[in-house]
>>> print(open('coords_31.cif').read())   # mmCIF, C-alpha atoms
data_query
#
loop_
_atom_site.label_atom_id
_atom_site.label_comp_id
_atom_site.auth_asym_id
_atom_site.auth_seq_id
_atom_site.Cartn_x
_atom_site.Cartn_y
_atom_site.Cartn_z
CA MET A 1 38.87 -84.38 -214.59
CA PHE A 2 40.94 -85.69 -211.69
CA CYS A 3 40.36 -87.57 -208.45
CA GLY A 4 41.92 -88.35 -205.09
CA ASN A 5 41.13 -88.45 -201.40
CA ILE A 6 39.65 -85.62 -199.40
CA LYS A 7 39.93 -85.13 -195.63
CA ILE A 8 36.66 -84.76 -193.73
CA ASN A 9 36.38 -85.37 -189.97
CA LYS A 10 39.34 -87.77 -189.76
CA MET A 11 38.00 -89.71 -192.73
CA GLU A 12 39.37 -89.70 -196.28
CA PRO A 13 36.63 -90.53 -198.79
CA MET A 14 37.28 -90.47 -202.54
CA TYR A 15 36.37 -87.41 -204.59
CA GLN A 16 36.14 -86.58 -208.26
CA PHE A 17 36.48 -83.08 -209.69
CA ASP A 18 35.21 -82.09 -213.14
CA GLU A 19 37.25 -79.01 -214.11
CA ASP A 20 35.09 -78.12 -217.12
CA ALA A 21 31.81 -78.23 -215.23
CA ASN A 22 33.41 -77.06 -211.95
CA ILE A 23 31.74 -79.82 -209.95
CA LEU A 24 33.28 -81.53 -206.92
CA THR A 25 31.66 -84.91 -206.20
CA ILE A 26 32.40 -86.68 -202.91
CA LYS A 27 32.08 -90.43 -203.28
CA CYS A 28 29.89 -90.99 -200.23
CA ASN A 29 27.05 -89.25 -198.44
CA SER A 30 28.78 -86.00 -197.39
CA GLY A 31 25.91 -85.22 -195.04
CA GLU A 32 27.14 -88.06 -192.83
CA LEU A 33 30.73 -86.74 -192.86
CA ILE A 34 30.45 -82.98 -192.54
CA ASN A 35 28.90 -82.08 -189.20
CA GLU A 36 30.09 -78.49 -188.78
CA ASN A 37 28.49 -75.28 -190.00
CA ASN A 38 29.95 -73.06 -192.68
CA ILE A 39 32.91 -75.20 -193.75
CA LYS A 40 34.51 -73.29 -196.65
CA VAL A 41 37.71 -75.32 -197.16
CA LEU A 42 38.24 -78.99 -197.96
CA ASN A 43 41.78 -80.39 -198.16
CA GLY A 44 42.84 -83.41 -200.18
CA ASN A 45 45.38 -84.87 -202.58
CA ILE A 46 45.50 -85.63 -206.30
CA PHE A 47 46.23 -89.04 -207.82
CA PRO A 48 48.79 -90.13 -208.89
CA ASN A 49 51.40 -87.48 -207.91
CA ASP A 50 49.94 -86.92 -204.43
CA TYR A 51 50.03 -83.11 -204.77
CA ASP A 52 47.98 -81.20 -202.19
CA VAL A 53 44.70 -79.76 -203.40
CA ILE A 54 42.46 -77.27 -201.60
CA PHE A 55 38.82 -76.70 -202.57
CA TYR A 56 37.29 -73.40 -201.46
CA ARG A 57 33.61 -72.46 -201.52
CA ASN A 58 32.81 -68.94 -200.31
CA LYS A 59 29.27 -69.73 -199.17
CA GLY A 60 30.39 -72.95 -197.53
CA PHE A 61 29.84 -76.62 -198.32
CA ASP A 62 26.15 -76.95 -197.55
CA TYR A 63 25.47 -80.48 -196.42
CA SER A 64 22.03 -79.98 -194.89
CA GLY A 65 20.30 -81.59 -197.86
CA LYS A 66 22.49 -84.71 -197.84
CA LYS A 67 24.31 -83.26 -200.85
CA ASP A 68 27.50 -84.77 -202.25
CA SER A 69 28.17 -82.55 -205.33
CA TYR A 70 29.27 -78.93 -205.08
CA ASP A 71 30.45 -76.12 -207.30
CA VAL A 72 33.63 -74.49 -205.99
CA ASP A 73 34.87 -70.90 -206.16
CA MET A 74 38.60 -71.55 -205.99
CA LEU A 75 41.00 -74.46 -206.28
CA ILE A 76 44.62 -74.41 -205.09
CA ASN A 77 47.13 -76.98 -206.33
CA LYS A 78 50.17 -76.97 -204.03
CA LYS A 79 53.53 -78.57 -204.87
CA TYR A 80 54.95 -78.51 -201.35
CA SER A 81 52.72 -79.10 -198.36
CA ASP A 82 55.21 -77.51 -195.95
CA LEU A 83 55.16 -74.19 -197.84
CA GLY A 84 52.37 -71.61 -197.68
CA VAL A 85 51.43 -68.56 -199.73
CA SER A 86 53.41 -65.33 -199.32
CA LYS A 87 53.19 -64.10 -202.90
CA ILE A 88 50.53 -64.38 -205.63
CA LYS A 89 51.34 -63.55 -209.26
CA PHE A 90 48.49 -62.66 -211.64
CA ARG A 91 48.99 -63.01 -215.38
CA LEU A 92 46.52 -61.29 -217.74
CA LYS A 93 46.95 -60.59 -221.44
CA GLU A 94 45.25 -57.24 -220.88
CA LEU A 95 48.21 -56.16 -218.76
CA ASP A 96 50.58 -56.83 -221.65
CA TYR A 97 48.61 -54.41 -223.81
CA MET A 98 48.38 -51.81 -221.05
CA LEU A 99 52.16 -51.73 -220.71
CA SER A 100 52.94 -51.51 -224.39
CA GLY A 101 56.44 -50.13 -223.74
CA LEU A 102 57.80 -53.69 -223.60
CA LYS A 103 57.26 -55.89 -226.65
CA ARG A 104 55.72 -59.20 -225.71
CA ILE A 105 57.53 -61.24 -228.35
CA TYR A 106 61.16 -60.76 -229.31
CA GLU A 107 62.01 -62.47 -232.60
CA ASN A 108 65.57 -63.49 -233.36
CA PRO A 109 65.44 -67.02 -234.82
CA PHE A 110 68.95 -67.14 -236.29
CA ASN A 111 71.46 -65.34 -234.09
CA PHE A 112 70.90 -66.21 -230.43
CA SER A 113 74.32 -64.89 -229.40
CA ASN A 114 73.22 -61.30 -229.97
CA ILE A 115 70.27 -61.45 -227.60
CA THR A 116 70.86 -59.38 -224.46
CA ILE A 117 68.27 -58.98 -221.74
CA GLN A 118 68.23 -56.11 -219.30
CA ASP A 119 67.92 -56.89 -215.59
CA PHE A 120 64.17 -57.19 -215.12
CA ASN A 121 64.35 -55.72 -211.63
CA ASN A 122 65.10 -52.38 -213.31
CA LEU A 123 61.90 -52.64 -215.35
CA ASN A 124 59.54 -53.47 -212.50
CA SER A 125 57.17 -50.81 -211.20
CA LYS A 126 57.30 -49.28 -207.74
CA ASP A 127 55.55 -50.98 -204.84
CA TYR A 128 51.93 -49.97 -204.30
CA GLU A 129 50.67 -50.37 -200.76
CA ILE A 130 47.05 -51.52 -200.77
CA GLU A 131 44.81 -52.42 -197.84
CA ILE A 132 42.41 -55.37 -198.12
CA GLU A 133 40.37 -56.44 -195.09
CA LYS A 134 42.56 -54.11 -192.97
CA LYS A 135 45.67 -56.03 -194.10
CA LYS A 136 48.41 -53.98 -195.75
CA MET A 137 49.77 -55.65 -198.89
CA LYS A 138 52.40 -54.70 -201.44
CA PHE A 139 51.50 -54.89 -205.13
CA ILE A 140 54.03 -54.58 -207.94
CA ILE A 141 54.00 -54.98 -211.73
CA GLU A 142 56.77 -57.39 -212.71
CA HIS A 143 58.43 -58.47 -215.96
CA SER A 144 59.49 -62.02 -216.77
CA TYR A 145 60.15 -64.16 -219.83
CA ASP A 146 60.23 -67.73 -221.13
CA VAL A 147 62.84 -69.13 -223.54
CA MET A 148 61.62 -71.64 -226.13
CA SER A 149 64.40 -73.09 -228.26
CA ASN A 150 62.08 -74.73 -230.78
CA SER A 151 60.15 -71.58 -231.68
CA LEU A 152 60.68 -68.83 -234.24
CA SER A 153 59.88 -66.44 -231.38
CA PRO A 154 62.29 -67.83 -228.79
CA ILE A 155 61.67 -65.28 -226.05
CA ASN A 156 58.16 -64.74 -224.76
CA PHE A 157 57.86 -61.74 -222.44
CA HIS A 158 55.25 -61.62 -219.71
CA LEU A 159 53.88 -58.89 -217.48
CA SER A 160 52.23 -59.72 -214.21
CA LEU A 161 50.71 -58.05 -211.17
CA SER A 162 52.10 -59.58 -207.97
CA VAL A 163 51.01 -59.19 -204.36
CA LYS A 164 53.38 -59.88 -201.46
CA TYR A 165 51.77 -60.77 -198.16
CA ASP A 166 51.99 -63.72 -195.78
CA PHE A 167 48.52 -65.18 -196.36
CA LYS A 168 49.29 -68.39 -194.39
CA ASP A 169 46.04 -70.42 -194.52
CA ASP A 170 43.67 -67.45 -194.81
CA TYR A 171 41.80 -68.65 -197.90
CA ASP A 172 39.03 -66.09 -197.38
CA LEU A 173 41.64 -63.34 -197.78
CA ILE A 174 43.21 -65.03 -200.83
CA TYR A 175 39.78 -65.29 -202.47
CA LYS A 176 38.95 -61.68 -201.61
CA THR A 177 42.29 -60.50 -203.04
CA ILE A 178 41.73 -62.33 -206.34
CA ASN A 179 38.22 -60.91 -206.56
CA CYS A 180 39.55 -57.37 -206.01
CA VAL A 181 42.19 -57.78 -208.74
CA LYS A 182 39.52 -58.94 -211.18
CA LYS A 183 37.37 -55.90 -210.35
CA LEU A 184 40.38 -53.64 -210.89
CA PHE A 185 40.96 -54.90 -214.42
CA SER A 186 37.24 -54.88 -215.19
CA PHE A 187 37.30 -51.16 -214.41
CA LEU A 188 40.52 -50.43 -216.32
CA CYS A 189 39.34 -52.37 -219.39
CA TYR A 190 35.70 -51.26 -219.07
CA ARG A 191 34.18 -54.75 -219.36
CA ASN A 192 33.38 -57.68 -217.10
CA ASN A 193 34.73 -60.56 -219.20
CA ILE A 194 38.20 -60.54 -217.63
CA CYS A 195 39.90 -63.91 -217.42
CA PHE A 196 43.19 -64.70 -215.66
CA GLU A 197 45.76 -66.39 -217.88
CA CYS A 198 47.49 -67.81 -214.80
CA ILE A 199 47.51 -67.31 -211.02
CA GLU A 200 50.70 -68.64 -209.48
CA ILE A 201 51.53 -68.91 -205.76
CA PHE A 202 54.94 -68.64 -204.11
CA ASP A 203 56.50 -68.95 -200.69
CA LYS A 204 59.99 -68.25 -199.38
CA ASN A 205 62.42 -71.14 -199.06
CA LYS A 206 65.29 -71.55 -196.56
CA ASP A 207 67.38 -69.08 -198.59
CA ASN A 208 64.61 -66.46 -198.27
CA LYS A 209 63.93 -66.61 -202.02
CA PHE A 210 60.49 -67.02 -203.54
CA LEU A 211 59.82 -70.56 -204.73
CA SER A 212 56.86 -71.46 -206.95
CA ASN A 213 54.45 -73.54 -204.90
CA GLY A 214 51.62 -74.19 -207.35
CA ILE A 215 48.68 -72.48 -209.01
CA ILE A 216 45.24 -71.16 -208.18
CA LYS A 217 42.22 -71.71 -210.39
CA TYR A 218 39.57 -69.07 -209.85
CA TYR A 219 36.06 -70.08 -210.85
CA GLU A 220 33.60 -67.30 -211.52
CA LYS A 221 30.93 -66.80 -214.13
CA ILE A 222 32.60 -65.24 -217.16
CA TYR A 223 30.27 -63.13 -219.26
CA ASN A 224 30.53 -63.42 -223.05
CA GLU A 225 33.44 -65.84 -222.74
CA LYS A 226 33.60 -66.40 -226.51
CA ASP A 227 34.42 -62.69 -226.97
CA ILE A 228 37.40 -62.60 -224.58
CA GLU A 229 40.18 -63.18 -227.12
CA LYS A 230 38.95 -60.53 -229.55
CA ASP A 231 38.24 -58.08 -226.70
CA ILE A 232 41.69 -58.23 -225.08
CA ASN A 233 43.41 -55.50 -227.12
CA LYS A 234 40.36 -53.26 -227.53
CA SER A 235 39.90 -50.08 -225.51
CA VAL A 236 42.74 -50.71 -223.10
CA ILE A 237 44.08 -47.85 -220.97
CA PRO A 238 47.83 -47.24 -221.47
CA PHE A 239 49.29 -47.82 -218.02
CA TYR A 240 51.34 -44.61 -217.94
CA LEU A 241 48.07 -42.63 -217.79
CA VAL A 242 47.09 -44.22 -214.45
CA ARG A 243 50.50 -45.20 -213.06
CA ASP A 244 50.77 -42.39 -210.49
CA LYS A 245 47.25 -43.02 -209.14
CA PHE A 246 47.12 -46.78 -209.60
CA ASP A 247 46.97 -47.34 -205.83
CA ASN A 248 44.18 -44.74 -205.47
CA ILE A 249 42.08 -46.48 -208.11
CA PHE A 250 42.66 -49.92 -206.61
CA GLN A 251 41.92 -48.81 -203.05
CA ARG A 252 38.69 -47.02 -204.00
CA ILE A 253 37.49 -50.16 -205.81
CA ILE A 254 38.30 -52.29 -202.75
CA ASP A 255 36.50 -49.82 -200.47
CA ASN A 256 33.41 -49.84 -202.76
CA LYS A 257 33.80 -46.14 -203.53
CA ILE A 258 33.63 -46.79 -207.27
CA GLY A 259 30.40 -48.22 -208.69
CA LEU A 260 31.10 -51.09 -211.10
CA ARG A 261 27.72 -52.68 -211.68
CA TYR A 262 27.06 -50.53 -214.75
CA LEU A 263 30.03 -51.93 -216.69
CA PRO A 264 29.19 -53.86 -219.90
CA ASN A 265 29.83 -57.60 -219.94
CA SER A 266 32.01 -57.37 -223.05
CA TYR A 267 33.30 -54.88 -225.60
CA SER A 268 30.58 -55.75 -228.10
CA SER A 269 27.76 -55.53 -225.51
CA ARG A 270 28.50 -51.83 -224.94
CA LYS A 271 26.15 -51.07 -227.80
CA THR A 272 23.29 -52.98 -226.17
CA TYR A 273 21.32 -51.20 -223.44
CA LEU A 274 19.05 -53.75 -221.83
CA PRO A 275 16.81 -52.53 -218.96
CA PRO A 276 18.98 -53.95 -216.11
CA ARG A 277 22.06 -52.13 -217.37
CA LEU A 278 20.13 -48.92 -218.01
CA ILE A 279 18.97 -48.96 -214.40
CA MET A 280 22.55 -49.54 -213.22
CA ILE A 281 23.91 -46.66 -215.35
CA CYS A 282 21.32 -44.22 -213.99
CA SER A 283 21.79 -45.31 -210.36
CA THR A 284 25.60 -45.30 -210.66
CA PHE A 285 25.51 -41.66 -211.73
CA GLU A 286 23.58 -40.74 -208.57
CA PHE A 287 26.09 -42.72 -206.48
CA GLU A 288 29.08 -40.99 -208.10
CA PHE A 289 27.38 -37.60 -207.78
CA ARG A 290 27.10 -38.11 -204.01
CA GLU A 291 30.77 -39.15 -203.92
CA SER A 292 31.74 -35.93 -205.73
CA PHE A 293 29.31 -33.38 -204.29
CA GLY A 294 27.61 -35.01 -201.32
CA ASN A 295 24.23 -34.01 -202.83
CA LYS A 296 25.09 -30.34 -202.35
CA ILE A 297 24.33 -28.07 -205.30
CA GLU A 298 24.79 -24.30 -205.26
CA HIS A 299 21.52 -22.49 -205.92
CA LYS A 300 20.56 -18.86 -206.39
CA ASN A 301 19.51 -17.00 -203.26
CA LYS A 302 15.92 -16.83 -204.53
CA THR A 303 15.73 -20.63 -204.83
CA LEU A 304 17.19 -21.10 -201.36
CA SER A 305 14.77 -18.55 -199.93
CA ASN A 306 11.77 -20.26 -201.57
CA ARG A 307 12.81 -23.63 -200.18
CA LYS A 308 13.20 -22.18 -196.70
CA ASN A 309 9.75 -20.58 -196.88
CA VAL A 310 8.12 -23.85 -197.92
CA LYS A 311 9.77 -25.72 -195.03
CA ASN A 312 8.62 -23.02 -192.60
CA ILE A 313 5.06 -23.40 -193.88
CA LEU A 314 5.24 -27.16 -193.33
CA ASP A 315 6.54 -26.59 -189.79
CA GLU A 316 3.63 -24.23 -189.10
CA VAL A 317 1.18 -26.90 -190.29
CA ILE A 318 2.54 -29.27 -187.63
CA LYS A 319 2.29 -26.58 -184.92
CA VAL A 320 -1.17 -25.21 -185.75
CA LYS A 321 -3.03 -28.41 -186.62
CA LYS A 322 -3.37 -31.51 -184.54
CA LEU A 323 -1.91 -34.21 -186.74
CA ASN A 324 -1.79 -37.92 -186.17
CA SER A 325 1.48 -39.88 -186.55
CA ASP A 326 0.84 -40.80 -190.20
CA GLU A 327 0.17 -37.17 -191.16
CA LYS A 328 3.34 -36.03 -189.38
CA ALA A 329 5.34 -38.66 -191.26
CA ILE A 330 3.96 -37.31 -194.55
CA ILE A 331 5.00 -33.76 -193.57
CA LYS A 332 8.55 -34.98 -192.80
CA ARG A 333 8.77 -36.66 -196.22
CA LEU A 334 7.60 -33.47 -197.90
CA LYS A 335 10.31 -31.48 -196.11
CA LYS A 336 12.94 -33.87 -197.44
CA LEU A 337 11.55 -33.51 -200.96
CA VAL A 338 11.96 -29.73 -200.76
CA ASP A 339 15.76 -30.10 -200.63
CA SER A 340 16.00 -33.04 -203.04
CA GLU A 341 17.56 -32.46 -206.46
CA ASN A 342 16.08 -33.69 -209.70
CA TYR A 343 18.15 -35.77 -212.08
CA SER A 344 18.52 -33.19 -214.85
CA THR A 345 19.80 -30.61 -212.34
CA MET A 346 22.49 -33.03 -211.14
CA VAL A 347 23.71 -33.72 -214.69
CA ARG A 348 23.80 -30.00 -215.51
CA GLU A 349 25.64 -29.27 -212.25
CA ILE A 350 28.38 -31.80 -213.07
CA ILE A 351 28.98 -30.24 -216.47
CA LYS A 352 28.75 -26.67 -215.19
CA LYS A 353 31.18 -27.25 -212.32
CA SER A 354 34.04 -28.67 -214.37
CA ASP A 355 35.84 -27.52 -217.50
CA LEU A 356 36.80 -31.17 -218.00
CA PHE A 357 33.21 -32.42 -218.23
CA GLU A 358 32.20 -29.48 -220.40
CA CYS A 359 35.09 -30.27 -222.76
CA ILE A 360 34.05 -33.93 -222.93
CA SER A 361 30.42 -32.92 -223.51
CA LYS A 362 31.26 -30.61 -226.41
CA SER A 363 33.54 -33.21 -227.96
CA TYR A 364 30.80 -35.83 -227.69
CA TYR A 365 28.30 -33.57 -229.44
CA LYS A 366 30.83 -32.64 -232.12
CA LYS A 367 31.65 -36.30 -232.83
CA SER A 368 27.92 -36.99 -233.15
CA PHE A 369 27.44 -34.00 -235.53
CA LYS A 370 24.92 -32.36 -233.22
CA PRO A 371 24.66 -28.71 -232.10
CA TYR A 372 25.73 -28.33 -228.49
CA ASP A 373 22.67 -28.00 -226.23
CA ILE A 374 22.80 -29.92 -222.98
CA THR A 375 19.28 -29.08 -221.72
CA PRO A 376 17.27 -31.53 -223.90
CA LEU A 377 19.75 -34.29 -223.08
CA CYS A 378 19.43 -33.66 -219.31
CA ASN A 379 15.64 -33.67 -219.56
CA THR A 380 15.73 -36.94 -221.53
CA LEU A 381 17.88 -38.55 -218.86
CA GLU A 382 15.53 -37.42 -216.10
CA THR A 383 12.52 -38.84 -217.94
CA MET A 384 14.30 -42.17 -218.47
CA ARG A 385 15.43 -42.36 -214.86
CA ASN A 386 11.95 -41.57 -213.48
CA ASN A 387 10.28 -44.05 -215.83
CA MET A 388 12.61 -46.82 -214.72
CA ALA A 389 12.15 -45.88 -211.04
CA HIS A 390 8.40 -46.43 -211.52
CA TYR A 391 8.94 -49.58 -213.62
CA LYS A 392 7.90 -47.95 -216.88
CA ILE A 393 10.56 -49.79 -218.87
CA GLU A 394 10.31 -49.66 -222.63
CA GLY A 395 11.51 -52.41 -224.94
CA SER A 396 13.25 -50.07 -227.39
CA TYR A 397 14.54 -46.52 -227.33
CA GLU A 398 14.62 -43.75 -229.85
CA GLU A 399 17.91 -42.27 -231.01
CA SER A 400 17.81 -39.28 -228.64
CA ARG A 401 17.60 -41.56 -225.60
CA LEU A 402 20.44 -43.79 -226.75
CA PHE A 403 22.47 -40.64 -227.38
CA ALA A 404 21.74 -39.45 -223.82
CA ILE A 405 22.48 -42.73 -222.01
CA SER A 406 25.74 -43.23 -223.96
CA PHE A 407 26.77 -39.73 -222.93
CA LEU A 408 25.98 -40.47 -219.28
CA GLU A 409 28.24 -43.55 -219.40
CA ILE A 410 31.19 -41.39 -220.45
CA ILE A 411 30.47 -38.80 -217.76
CA ILE A 412 30.26 -41.50 -215.05
CA TYR A 413 33.62 -43.00 -216.03
CA SER A 414 35.18 -39.52 -216.15
CA MET A 415 33.79 -38.70 -212.69
CA GLN A 416 35.24 -41.93 -211.29
CA LEU A 417 38.68 -41.18 -212.74
CA LYS A 418 38.56 -37.62 -211.43
CA CYS A 419 37.68 -38.83 -207.91
CA CYS A 420 40.79 -41.05 -208.08
CA GLY A 421 42.94 -37.97 -208.63
CA ILE A 422 43.81 -38.61 -212.29
CA ASP A 423 45.09 -35.54 -214.12
CA GLU A 424 42.45 -33.98 -216.40
CA LYS A 425 44.64 -34.26 -219.52
CA ASN A 426 45.13 -37.94 -218.77
CA ILE A 427 41.39 -38.41 -218.23
CA ILE A 428 40.69 -37.09 -221.72
CA GLU A 429 43.28 -39.49 -223.17
CA ILE A 430 41.75 -42.38 -221.20
CA ILE A 431 38.25 -41.53 -222.43
CA LYS A 432 39.54 -41.49 -226.00
CA SER A 433 41.07 -44.94 -225.44
CA ILE A 434 37.96 -46.46 -223.84
CA PHE A 435 35.38 -44.72 -226.06
CA PRO A 436 37.37 -44.17 -229.29
CA LYS A 437 34.35 -43.54 -231.54
CA LYS A 438 32.51 -41.20 -229.21
CA ILE A 439 35.10 -38.59 -228.17
#
>>> encode(input="coords_31.cif", output="structure tokens")
Amino acid sequence: MFCGNIKINKMEPMYQFDEDANILTIKCNSGELINENNIKVLNGNIFPNDYDVIFYRNKGFDYSGKKDSYDVDMLINKKYSDLGVSKIKFRLKELDYMLSGLKRIYENPFNFSNITIQDFNNLNSKDYEIEIEKKKMKFIIEHSYDVMSNSLSPINFHLSLSVKYDFKDDYDLIYKTINCVKKLFSFLCYRNNICFECIEIFDKNKDNKFLSNGIIKYYEKIYNEKDIEKDINKSVIPFYLVRDKFDNIFQRIIDNKIGLRYLPNSYSSRKTYLPPRLIMICSTFEFEFRESFGNKIEHKNKTLSNRKNVKNILDEVIKVKKLNSDEKAIIKRLKKLVDSENYSTMVREIIKKSDLFECISKSYYKKSFKPYDITPLCNTLETMRNNMAHYKIEGSYEESRLFAISFLEIIIYSMQLKCCGIDEKNIIEIIKSIFPKKI
């Protein structure tokens, strides 16, 4: 907990911030001080060092109810008030495991003179140009290290994802960027309980070199927080498998072209299929199918001819009979239904159209010691999807349904990787890393 003064309408009342509870309390009636709509940023200082502090709340500091306590979404501690933010460095332990080519700890407790360190600029990745809110930013994976003379492991290596862009005072863009990075690692690690180890901000000094200017604390609900430490090294994608398409993956996530709401909250919760997640898995497949095929499935000429005949009959009904507006609306809905595809057909089409998905399907059946027959599985998925669409949600599921929904998860993730342009051999390796017991 810390305190200080906060600036509101030329006044500087006291505040108190509880970091554990994430509660900012202004020591006066904030309704009397804040008289503007949608204020998202409050500036202040911290006792006793007088560092600048910035509180950010994405939905704004709502004062209409004479409220003086708020939860915040982001806190920025700045060392130098005259410097801004032109670089943000994200540290995550997951990234260390993804780039396993560099050992995180180098042990040499007795002979320090033999330690040689390669220029870290040679180890950094290429720049990835990413667009967020129509702003072009440069992302790069960087290497760094700490030296601790009183430790048996004197050199501690770190990997970080850094973004270079002159954010100035655009805290909305900073918050959006952090949120996008979190979504990226949720996708790459296939779980929502991603937690930043550190978010550090930099700006250029007079010598045009980056100078550390403080840290950002990002407050968001973390699912299954107690599982984070044991989840970090589980089912992590080796970075070399996505390196060439890293920017494609990131950009598609930013542009909401990859559905993420079906992801499990933690590694252990993958085995639990509660109704909300089941609904998200089924709906995400339909979303990804439209991204891949645009709802267009190749049918036999006979099927196409039958559909055309039915639509012609419906058109004739409108011409011959005098229908009111409600009846015409019903006819239009029926015409749309003629061309709609059922769920089992979409699943079969995905598998039929790609050797990759067929290979994954056969491997999944083999690992489960089941004879390969995709038809019952597709029918099971359609029944589940239709039941949930009509709110017929069951409390428990038999083995065949769990087998089907687990399979659909793998297919969805494979479809998303394929849409990002990942090589098919790499996709299979990724699937084996993320779902090691199923493929």
>>> atom_distance(input="coords_31.cif", atom1="CA of Ile405 in chain A", atom2="CA of Met346 in chain A")
14.6 Å
>>> closest_residue(input="coords_31.cif", among="A:Gln416, A:Ser69, A:Asn5, A:Asn386", to="Asn22 in chain A", atoms="all atoms listed in the file")
A:Ser69
>>> resolve_selection(input="coords_31.cif", expression="the PyMOL selection byres ((chain A and resi 93) around 12)", output="number ranges by chain")
A: 90-92, 94-100, 104, 157-161, 185, 189, 194-198, 228-234, 236
>>> write_last_selection(input="coords_31.cif", atoms="C-alpha atoms", output="PDB file, keeping the file's coordinate frame")
ATOM      1  CA  PHE A  90      48.490 -62.660-211.640  1.00  0.00           C
ATOM      2  CA  ARG A  91      48.990 -63.010-215.380  1.00  0.00           C
ATOM      3  CA  LEU A  92      46.520 -61.290-217.740  1.00  0.00           C
ATOM      4  CA  GLU A  94      45.250 -57.240-220.880  1.00  0.00           C
ATOM      5  CA  LEU A  95      48.210 -56.160-218.760  1.00  0.00           C
ATOM      6  CA  ASP A  96      50.580 -56.830-221.650  1.00  0.00           C
ATOM      7  CA  TYR A  97      48.610 -54.410-223.810  1.00  0.00           C
ATOM      8  CA  MET A  98      48.380 -51.810-221.050  1.00  0.00           C
ATOM      9  CA  LEU A  99      52.160 -51.730-220.710  1.00  0.00           C
ATOM     10  CA  SER A 100      52.940 -51.510-224.390  1.00  0.00           C
ATOM     11  CA  ARG A 104      55.720 -59.200-225.710  1.00  0.00           C
ATOM     12  CA  PHE A 157      57.860 -61.740-222.440  1.00  0.00           C
ATOM     13  CA  HIS A 158      55.250 -61.620-219.710  1.00  0.00           C
ATOM     14  CA  LEU A 159      53.880 -58.890-217.480  1.00  0.00           C
ATOM     15  CA  SER A 160      52.230 -59.720-214.210  1.00  0.00           C
ATOM     16  CA  LEU A 161      50.710 -58.050-211.170  1.00  0.00           C
ATOM     17  CA  PHE A 185      40.960 -54.900-214.420  1.00  0.00           C
ATOM     18  CA  CYS A 189      39.340 -52.370-219.390  1.00  0.00           C
ATOM     19  CA  ILE A 194      38.200 -60.540-217.630  1.00  0.00           C
ATOM     20  CA  CYS A 195      39.900 -63.910-217.420  1.00  0.00           C
ATOM     21  CA  PHE A 196      43.190 -64.700-215.660  1.00  0.00           C
ATOM     22  CA  GLU A 197      45.760 -66.390-217.880  1.00  0.00           C
ATOM     23  CA  CYS A 198      47.490 -67.810-214.800  1.00  0.00           C
ATOM     24  CA  ILE A 228      37.400 -62.600-224.580  1.00  0.00           C
ATOM     25  CA  GLU A 229      40.180 -63.180-227.120  1.00  0.00           C
ATOM     26  CA  LYS A 230      38.950 -60.530-229.550  1.00  0.00           C
ATOM     27  CA  ASP A 231      38.240 -58.080-226.700  1.00  0.00           C
ATOM     28  CA  ILE A 232      41.690 -58.230-225.080  1.00  0.00           C
ATOM     29  CA  ASN A 233      43.410 -55.500-227.120  1.00  0.00           C
ATOM     30  CA  LYS A 234      40.360 -53.260-227.530  1.00  0.00           C
ATOM     31  CA  VAL A 236      42.740 -50.710-223.100  1.00  0.00           C
TER      32      VAL A 236
END
>>> atom_distance(input="coords_31.cif", atom1="CA of Asp172 in chain A", atom2="CA of Asp82 in chain A")
19.9 Å
>>> resolve_selection(input="coords_31.cif", expression="the PyMOL selection byres ((chain A and resi 266) around 7)", output="ChimeraX atom specification")
/A:191-193,224,264-265,267-270
>>> write_last_selection(input="coords_31.cif", atoms="C-alpha atoms", output="PDB file, in the coordinates of the input")
ATOM      1  CA  ARG A 191      34.180 -54.750-219.360  1.00  0.00           C
ATOM      2  CA  ASN A 192      33.380 -57.680-217.100  1.00  0.00           C
ATOM      3  CA  ASN A 193      34.730 -60.560-219.200  1.00  0.00           C
ATOM      4  CA  ASN A 224      30.530 -63.420-223.050  1.00  0.00           C
ATOM      5  CA  PRO A 264      29.190 -53.860-219.900  1.00  0.00           C
ATOM      6  CA  ASN A 265      29.830 -57.600-219.940  1.00  0.00           C
ATOM      7  CA  TYR A 267      33.300 -54.880-225.600  1.00  0.00           C
ATOM      8  CA  SER A 268      30.580 -55.750-228.100  1.00  0.00           C
ATOM      9  CA  SER A 269      27.760 -55.530-225.510  1.00  0.00           C
ATOM     10  CA  ARG A 270      28.500 -51.830-224.940  1.00  0.00           C
TER      11      ARG A 270
END
>>> resolve_selection(input="coords_31.cif", expression="the PyMOL selection byres ((chain A and resi 240) around 10)", output="number ranges by chain")
A: 98-101, 237-239, 241-246, 426
>>> residues_around(input="coords_31.cif", residues="Thr25 in chain A", least_positions_apart="6", cutoff="9 Å", atoms="all atoms listed in the file", output="PyMOL selection string")
chain A and resi 14-18+68-71
>>> atom_distance(input="coords_31.cif", atom1="CA of Ile140 in chain A", atom2="CA of Val163 in chain A")
6.6 Å
>>> closest_residue(input="coords_31.cif", among="A:Lys367, A:Lys432, A:Lys302, A:Ile279", to="Met384 in chain A", atoms="all atoms listed in the file")
A:Ile279
>>> closest_residue(input="coords_31.cif", among="A:Ile39, A:Cys180, A:Ile26, A:Ile350", to="Ser292 in chain A", atoms="all atoms listed in the file")
A:Ile350
>>> residues_around(input="coords_31.cif", residues="range 354-365 of chain A", least_positions_apart="5", cutoff="6 Å", atoms="all atoms listed in the file", output="list in words")
Lys370, Tyr372, Lys438 and Ile439 of chain A
>>> closest_residue(input="coords_31.cif", among="A:Asp170, A:Asp339, A:Glu409, A:Asp50", to="Thr284 in chain A", atoms="only C-alpha atoms")
A:Glu409
